[in-house]
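Quick look at structure.cif (mmCIF, C-alpha atoms and all ligand atoms):
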```cif
data_data
loop_
_atom_site.group_PDB
_atom_site.id
_atom_site.type_symbol
_atom_site.label_atom_id
_atom_site.label_comp_id
_atom_site.auth_asym_id
_atom_site.auth_seq_id
_atom_site.Cartn_x
_atom_site.Cartn_y
_atom_site.Cartn_z
ATOM 1 C CA MET J 1 0.000 0.000 0.000
ATOM 2 C CA ASP J 2 1.282 3.486 -0.850
ATOM 3 C CA HIS J 3 0.830 6.648 1.170
ATOM 4 C CA ASN J 4 0.342 10.299 0.459
ATOM 5 C CA ILE J 5 3.388 12.010 1.915
ATOM 6 C CA SER J 6 3.522 15.783 2.348
ATOM 7 C CA VAL J 7 6.909 17.487 2.530
ATOM 8 C CA HIS J 8 7.526 19.069 5.930
ATOM 9 C CA LEU J 9 11.289 19.784 5.790
ATOM 10 C CA THR J 10 13.176 20.003 2.522
ATOM 11 C CA GLU J 11 16.674 18.626 1.974
ATOM 12 C CA GLU J 12 17.963 22.231 1.891
ATOM 13 C CA GLN J 13 16.362 23.087 5.243
ATOM 14 C CA LEU J 14 17.713 19.898 6.798
ATOM 15 C CA ASN J 15 21.247 20.372 5.536
ATOM 16 C CA LYS J 16 21.350 24.042 6.563
ATOM 17 C CA ARG J 17 20.397 23.181 10.140
ATOM 18 C CA ILE J 18 22.761 20.191 10.227
ATOM 19 C CA ALA J 19 25.626 22.477 9.134
ATOM 20 C CA GLU J 20 24.784 24.833 12.025
ATOM 21 C CA ILE J 21 24.844 21.980 14.539
ATOM 22 C CA GLY J 22 28.111 20.677 13.055
ATOM 23 C CA ALA J 23 29.687 24.112 13.484
ATOM 24 C CA GLU J 24 28.505 24.345 17.105
ATOM 25 C CA ILE J 25 29.926 20.916 17.936
ATOM 26 C CA THR J 26 33.199 21.789 16.191
ATOM 27 C CA LYS J 27 33.494 24.918 18.329
ATOM 28 C CA ARG J 28 32.571 23.177 21.562
ATOM 29 C CA PHE J 29 35.159 20.371 21.218
ATOM 30 C CA GLN J 30 37.968 22.433 19.644
ATOM 31 C CA GLY J 31 41.350 20.754 20.237
ATOM 32 C CA GLU J 32 39.729 17.396 21.116
ATOM 33 C CA SER J 33 38.387 14.402 19.252
ATOM 34 C CA VAL J 34 34.849 13.039 19.254
ATOM 35 C CA TYR J 35 33.253 9.602 19.080
ATOM 36 C CA LEU J 36 30.020 9.644 17.100
ATOM 37 C CA VAL J 37 27.498 6.962 17.987
ATOM 38 C CA CYS J 38 24.956 6.446 15.217
ATOM 39 C CA ILE J 39 21.755 4.701 16.287
ATOM 40 C CA LEU J 40 20.783 2.474 13.377
ATOM 41 C CA LYS J 41 18.896 2.432 11.288
ATOM 42 C CA GLY J 42 17.084 5.749 11.389
ATOM 43 C CA SER J 43 20.082 7.970 12.222
ATOM 44 C CA ILE J 44 22.227 6.901 9.320
ATOM 45 C CA PHE J 45 21.389 9.901 7.096
ATOM 46 C CA TYR J 46 21.684 12.444 9.910
ATOM 47 C CA THR J 47 24.969 10.938 11.109
ATOM 48 C CA THR J 48 26.647 11.028 7.708
ATOM 49 C CA GLU J 49 25.557 14.606 6.993
ATOM 50 C CA LEU J 50 26.529 15.763 10.483
ATOM 51 C CA ALA J 51 29.892 13.983 10.414
ATOM 52 C CA LYS J 52 30.821 15.876 7.237
ATOM 53 C CA ARG J 53 30.155 19.155 9.077
ATOM 54 C CA ILE J 54 32.195 18.435 12.198
ATOM 55 C CA GLU J 55 35.772 19.532 11.633
ATOM 56 C CA LEU J 56 37.446 17.443 14.334
ATOM 57 C CA PRO J 57 39.253 14.107 14.552
ATOM 58 C CA MET J 58 36.459 11.556 14.759
ATOM 59 C CA ASN J 59 35.553 7.941 15.207
ATOM 60 C CA ILE J 60 32.140 6.742 14.004
ATOM 61 C CA ASP J 61 30.521 3.700 15.565
ATOM 62 C CA PHE J 62 27.087 2.120 15.321
ATOM 63 C CA MET J 63 24.457 0.594 17.572
ATOM 64 C CA THR J 64 21.314 -1.087 16.345
ATOM 65 C CA VAL J 65 18.386 -0.511 18.629
ATOM 66 C CA SER J 66 14.756 -1.241 18.011
ATOM 67 C CA SER J 67 11.494 -0.661 19.781
ATOM 68 C CA TYR J 68 8.936 0.015 17.078
ATOM 69 C CA GLY J 69 8.619 -3.111 14.937
ATOM 70 C CA SER J 70 5.971 -2.381 12.342
ATOM 71 C CA GLU J 71 3.925 -0.153 14.655
ATOM 72 C CA THR J 72 3.739 3.636 14.843
ATOM 73 C CA LYS J 73 3.916 3.559 18.657
ATOM 74 C CA SER J 74 6.904 2.529 20.784
ATOM 75 C CA SER J 75 6.599 -0.762 22.618
ATOM 76 C CA GLY J 76 8.733 0.725 25.407
ATOM 77 C CA ILE J 77 10.953 -2.342 25.245
ATOM 78 C CA ILE J 78 14.359 -1.425 23.849
ATOM 79 C CA ASN J 79 16.366 -4.166 22.176
ATOM 80 C CA ILE J 80 20.093 -3.711 21.566
ATOM 81 C CA LYS J 81 20.635 -5.762 18.447
ATOM 82 C CA LYS J 82 24.186 -4.612 17.755
ATOM 83 C CA ASP J 83 26.530 -2.990 20.262
ATOM 84 C CA LEU J 84 29.486 -0.604 19.753
ATOM 85 C CA GLU J 85 32.755 -2.057 18.529
ATOM 86 C CA SER J 86 35.074 -0.171 20.899
ATOM 87 C CA SER J 87 35.247 1.112 24.437
ATOM 88 C CA ILE J 88 33.957 4.664 24.947
ATOM 89 C CA GLU J 89 35.745 5.135 28.267
ATOM 90 C CA GLY J 90 37.291 8.610 28.469
ATOM 91 C CA LYS J 91 35.905 9.654 25.077
ATOM 92 C CA ASN J 92 33.760 12.613 24.025
ATOM 93 C CA VAL J 93 30.738 10.609 22.934
ATOM 94 C CA ILE J 94 28.110 12.227 20.732
ATOM 95 C CA LEU J 95 24.927 10.180 20.561
ATOM 96 C CA VAL J 96 23.203 10.853 17.244
ATOM 97 C CA GLU J 97 19.464 10.167 17.057
ATOM 98 C CA ASP J 98 17.079 10.810 14.200
ATOM 99 C CA ILE J 99 14.005 11.376 16.373
ATOM 100 C CA ILE J 100 12.897 11.532 19.987
ATOM 101 C CA ASP J 101 9.284 10.513 20.353
ATOM 102 C CA SER J 102 8.271 8.781 23.616
ATOM 103 C CA GLY J 103 11.848 9.203 24.898
ATOM 104 C CA TYR J 104 12.183 5.515 25.848
ATOM 105 C CA THR J 105 15.062 4.824 23.437
ATOM 106 C CA LEU J 106 17.128 7.839 24.433
ATOM 107 C CA SER J 107 16.563 7.346 28.148
ATOM 108 C CA HIS J 108 17.612 3.711 27.945
ATOM 109 C CA LEU J 109 20.669 4.423 25.783
ATOM 110 C CA CYS J 110 21.936 7.281 27.949
ATOM 111 C CA LYS J 111 21.760 5.158 31.083
ATOM 112 C CA LEU J 112 23.623 2.368 29.314
ATOM 113 C CA LEU J 113 26.354 4.588 27.824
ATOM 114 C CA ARG J 114 26.976 6.411 31.124
ATOM 115 C CA THR J 115 27.820 3.103 32.790
ATOM 116 C CA ARG J 116 30.752 2.893 30.338
ATOM 117 C CA ASN J 117 32.363 6.095 31.689
ATOM 118 C CA PRO J 118 32.695 8.389 28.672
ATOM 119 C CA LYS J 119 34.522 11.680 29.324
ATOM 120 C CA THR J 120 31.448 13.555 28.070
ATOM 121 C CA LEU J 121 28.101 12.441 26.658
ATOM 122 C CA THR J 122 26.450 14.851 24.237
ATOM 123 C CA ILE J 123 23.045 14.202 22.711
ATOM 124 C CA THR J 124 21.864 15.407 19.349
ATOM 125 C CA THR J 125 18.623 14.634 17.546
ATOM 126 C CA LEU J 126 17.490 15.767 14.135
ATOM 127 C CA LEU J 127 13.813 15.769 15.141
ATOM 128 C CA ASP J 128 11.962 16.112 18.414
ATOM 129 C CA LYS J 129 8.251 15.459 18.972
ATOM 130 C CA PRO J 130 7.821 17.001 22.460
ATOM 131 C CA ASP J 131 4.049 16.367 22.559
ATOM 132 C CA ARG J 132 4.672 12.614 22.573
ATOM 133 C CA ARG J 133 7.099 12.462 25.472
ATOM 134 C CA VAL J 134 6.504 9.749 28.085
ATOM 135 C CA VAL J 135 10.009 9.617 29.612
ATOM 136 C CA ASP J 136 11.762 12.969 29.915
ATOM 137 C CA ASP J 137 14.929 12.384 31.955
ATOM 138 C CA VAL J 138 17.537 13.360 29.329
ATOM 139 C CA VAL J 139 18.689 16.843 28.337
ATOM 140 C CA VAL J 140 19.190 17.091 24.585
ATOM 141 C CA ASP J 141 22.122 19.329 23.672
ATOM 142 C CA TYR J 142 21.435 19.940 19.976
ATOM 143 C CA THR J 143 17.987 19.591 18.359
ATOM 144 C CA GLY J 144 17.477 20.078 14.640
ATOM 145 C CA PHE J 145 13.730 20.707 14.533
ATOM 146 C CA GLU J 146 10.737 20.347 16.828
ATOM 147 C CA ILE J 147 7.836 18.793 14.942
ATOM 148 C CA PRO J 148 4.143 18.233 15.679
ATOM 149 C CA ASP J 149 2.673 14.893 16.701
ATOM 150 C CA LYS J 150 2.451 13.328 13.245
ATOM 151 C CA PHE J 151 4.223 10.259 11.921
ATOM 152 C CA VAL J 152 7.191 11.299 9.776
ATOM 153 C CA VAL J 153 9.253 9.458 7.194
ATOM 154 C CA GLY J 154 12.298 10.146 5.060
ATOM 155 C CA PHE J 155 15.938 11.104 5.636
ATOM 156 C CA GLY J 156 16.441 7.740 7.354
ATOM 157 C CA LEU J 157 13.044 7.441 9.072
ATOM 158 C CA ASP J 158 10.745 4.628 8.050
ATOM 159 C CA TYR J 159 7.194 3.418 8.106
ATOM 160 C CA ASP J 160 7.396 -0.388 8.257
ATOM 161 C CA GLN J 161 10.935 -0.165 6.751
ATOM 162 C CA ARG J 162 9.772 1.966 3.815
ATOM 163 C CA TYR J 163 10.538 5.543 2.765
ATOM 164 C CA ARG J 164 13.954 5.838 4.508
ATOM 165 C CA ASN J 165 15.503 6.942 1.198
ATOM 166 C CA LEU J 166 13.334 10.035 0.716
ATOM 167 C CA PRO J 167 15.710 13.035 0.713
ATOM 168 C CA TYR J 168 13.243 15.124 2.769
ATOM 169 C CA ILE J 169 11.158 14.720 5.939
ATOM 170 C CA GLY J 170 7.495 14.173 5.147
ATOM 171 C CA PHE J 171 4.265 13.508 7.006
ATOM 172 C CA ILE J 172 2.307 10.373 6.229
ATOM 173 C CA GLU J 173 -1.108 11.764 5.373
ATOM 174 C CA ASP J 174 -3.158 8.768 4.293
ATOM 175 C CA GLU J 175 -3.135 5.593 2.281
ATOM 176 C CA VAL J 176 -3.777 5.808 -1.453
HETATM 177 O O1 LIG J 201 11.595 8.169 21.549
HETATM 178 P P1 LIG J 201 11.169 6.812 21.089
HETATM 179 O O2 LIG J 201 9.672 6.640 21.180
HETATM 180 O O3 LIG J 201 11.893 5.703 21.764
HETATM 181 O O4 LIG J 201 11.437 6.722 19.517
HETATM 182 C C1 LIG J 201 12.650 7.062 18.906
HETATM 183 C C2 LIG J 201 13.325 5.876 18.307
HETATM 184 O O5 LIG J 201 12.460 5.168 17.415
HETATM 185 C C3 LIG J 201 13.061 5.002 16.155
HETATM 186 O O6 LIG J 201 13.772 3.801 16.079
HETATM 187 P P2 LIG J 201 13.141 2.397 15.666
HETATM 188 O O7 LIG J 201 13.007 1.555 16.898
HETATM 189 O O8 LIG J 201 11.896 2.622 14.857
HETATM 190 O O9 LIG J 201 14.279 1.748 14.755
HETATM 191 P P3 LIG J 201 14.910 2.283 13.369
HETATM 192 O O10 LIG J 201 15.813 3.454 13.709
HETATM 193 O O11 LIG J 201 15.682 1.120 12.862
HETATM 194 O O12 LIG J 201 13.791 2.693 12.453
HETATM 195 C C4 LIG J 201 14.020 6.169 16.074
HETATM 196 O O13 LIG J 201 15.075 5.902 15.179
HETATM 197 C C5 LIG J 201 14.497 6.342 17.487
HETATM 198 O O14 LIG J 201 15.643 5.547 17.761
HETATM 199 O O1 LIG J 202 7.384 9.637 13.467
HETATM 200 C C1 LIG J 202 8.194 8.676 13.374
HETATM 201 N N1 LIG J 202 8.564 8.185 12.157
HETATM 202 C C2 LIG J 202 9.429 7.136 12.021
HETATM 203 N N2 LIG J 202 9.992 6.527 13.054
HETATM 204 C C3 LIG J 202 9.673 6.964 14.283
HETATM 205 N N3 LIG J 202 10.100 6.539 15.477
HETATM 206 C C4 LIG J 202 9.509 7.287 16.397
HETATM 207 N N4 LIG J 202 8.705 8.208 15.838
HETATM 208 C C5 LIG J 202 8.789 8.030 14.496
#
```

Could you write out this file's structure as structure tokens?
Amino acid sequence: MDHNISVHLTEEQLNKRIAEIGAEITKRFQGESVYLVCILKGSIFYTTELAKRIELPMNIDFMTVSSYGSETKSSGIINIKKDLESSIEGKNVILVEDIIDSGYTLSHLCKLLRTRNPKTLTITTLLDKPDRRVVDDVVVDYTGFEIPDKFVVGFGLDYDQRYRNLPYIGFIEDEV
């Protein structure tokens, strides 16, 4: 089944904001290196665009986490399907998320990563849906855009594994 998808954020708007966040992170960690943690799969597009805009020595690592399955609502149960390859002890870790919705994923991940003693833990998300928050115990350092409570796809985000490749962020309007 296909969906009507309305464009909410264009590729240009996304990349402009990502460049701003990259510049801020570059300034904040001047003279140091950073360890980017990409939360697969959704964050892959944001991570690659952001990484290109951070002018610092960098390591990029990946975690696969899942809580949504084929639903549009979080189950609240976070599964770590793939863990990081290296130790983050003493590193400037930057956790890169595509979206914060209920907050379950971020809350769980932050608790887990802090147990591994990073030097700093910085959180960035491309999108934030504040109206949907259930768990709100994490301060986000860099947010791309706040969006209303509508299901979004594109730029890495999926609906039942579809639409990740759209170069923009769009709202699912209805089925056609
Ligand atoms: O704030 P929350 O309600 O926890 O939702 C946010 C999380 O949900 C999505 O991941 P998902 O589990 O759908 O996996 P995916 O990235 O592979 O699509 C998204 O990428 C975030 O990681
Ligand atoms: O709106 C969304 N779209 C895609 N994936 C998501 N994961 C949480 N919220 C969303």

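Interatomic distance, CA of Glu20 (chain J) to CA of Thr47 (chain J): 13.9 Å.
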
Ligand LIG 202 (chain J): axis-aligned bounding box, 8 Å on each side, centre and edge lengths in Å, one decimal, as JSON:
```
{"center_x": 8.7, "center_y": 8.1, "center_z": 14.2, "size_x": 18.7, "size_y": 19.1, "size_z": 20.4}
```

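Summary of the local environment: counting all atoms listed in the file, residues at most 8 Å from Ser102 (chain J), other than itself and those fewer than 4 positions away along its chain, are Ser74, Arg132, Arg133, Val134 and Val135 of chain J.
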
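Counting only C-alpha atoms and comparing J:Ile21, J:Val153, J:Leu40, J:Ile99, the residue that lies closest to His8 (chain J) is J:Val153.
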
Name all residues at most 10 Å from Thr125 (chain J) (count all atoms listed in the file; drop same-chain ones fewer than 5 positions away) and give them as JSON, numbers by chain. {"J": [43, 46, 47, 95, 96, 97, 98, 99, 100, 106, 140, 141, 142, 143, 144, 145, 146]}

Write out as number ranges by chain each polymer residue whose atoms come within 8 Å of Tyr35 (chain J), counting all atoms listed in the file; drop sequence neighbours fewer than 5 positions from it. J: 58-61, 88, 91-94

Quick check, in Å to one decimal: how far apart do CA of Pro167 (chain J) and CA of Ile18 (chain J) lie? 13.8 Å

Go through the chains and note each residue within 9 Å of ligand LIG 201 (chain J), using all atoms listed in the file, then give the set as a ChimeraX atom specification. /J:39-44,64-79,97-108,128-129,132-135,156-161,164

Determine the residue membership of the PyMOL selection byres (((chain J and resi 4) around 10) and not hetatm) for the file above and supply it as a PDB file with C-alpha atoms, in the frame of the given file.
```pdb
ATOM      1  CA  ASP J   2       1.282   3.486  -0.850  1.00  0.00           C
ATOM      2  CA  HIS J   3       0.830   6.648   1.170  1.00  0.00           C
ATOM      3  CA  ILE J   5       3.388  12.010   1.915  1.00  0.00           C
ATOM      4  CA  SER J   6       3.522  15.783   2.348  1.00  0.00           C
ATOM      5  CA  VAL J   7       6.909  17.487   2.530  1.00  0.00           C
ATOM      6  CA  GLY J 170       7.495  14.173   5.147  1.00  0.00           C
ATOM      7  CA  PHE J 171       4.265  13.508   7.006  1.00  0.00           C
ATOM      8  CA  ILE J 172       2.307  10.373   6.229  1.00  0.00           C
ATOM      9  CA  GLU J 173      -1.108  11.764   5.373  1.00  0.00           C
ATOM     10  CA  ASP J 174      -3.158   8.768   4.293  1.00  0.00           C
ATOM     11  CA  GLU J 175      -3.135   5.593   2.281  1.00  0.00           C
ATOM     12  CA  VAL J 176      -3.777   5.808  -1.453  1.00  0.00           C
TER      13      VAL J 176
END
```

By how many Å are CA of Lys81 (chain J) and CA of Thr124 (chain J) apart?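 So the answer is 21.2 Å.
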
Among listed residues J:Gly90, J:Pro148, J:Pro57, J:Gly22, nearest ligand LIG 202 (chain J) (using all atoms listed in the file):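 Ranking J:Gly90, J:Pro148, J:Pro57, J:Gly22 by distance to ligand LIG 202 (chain J), first place goes to J:Pro148.
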
Please evaluate the PyMOL selection byres (((chain J and resi 28) around 12) and not hetatm) against the displayed coordinates and give the resulting residues as a ChimeraX atom specification. /J:21-27,29-34,54-56,92,94,120,122,141-142

In terms of only C-alpha atoms and all ligand atoms, the residue from J:Leu113, J:Ile169, J:Lys150, J:Arg162 at minimal distance from ligand LIG 202 (chain J) is J:Lys150
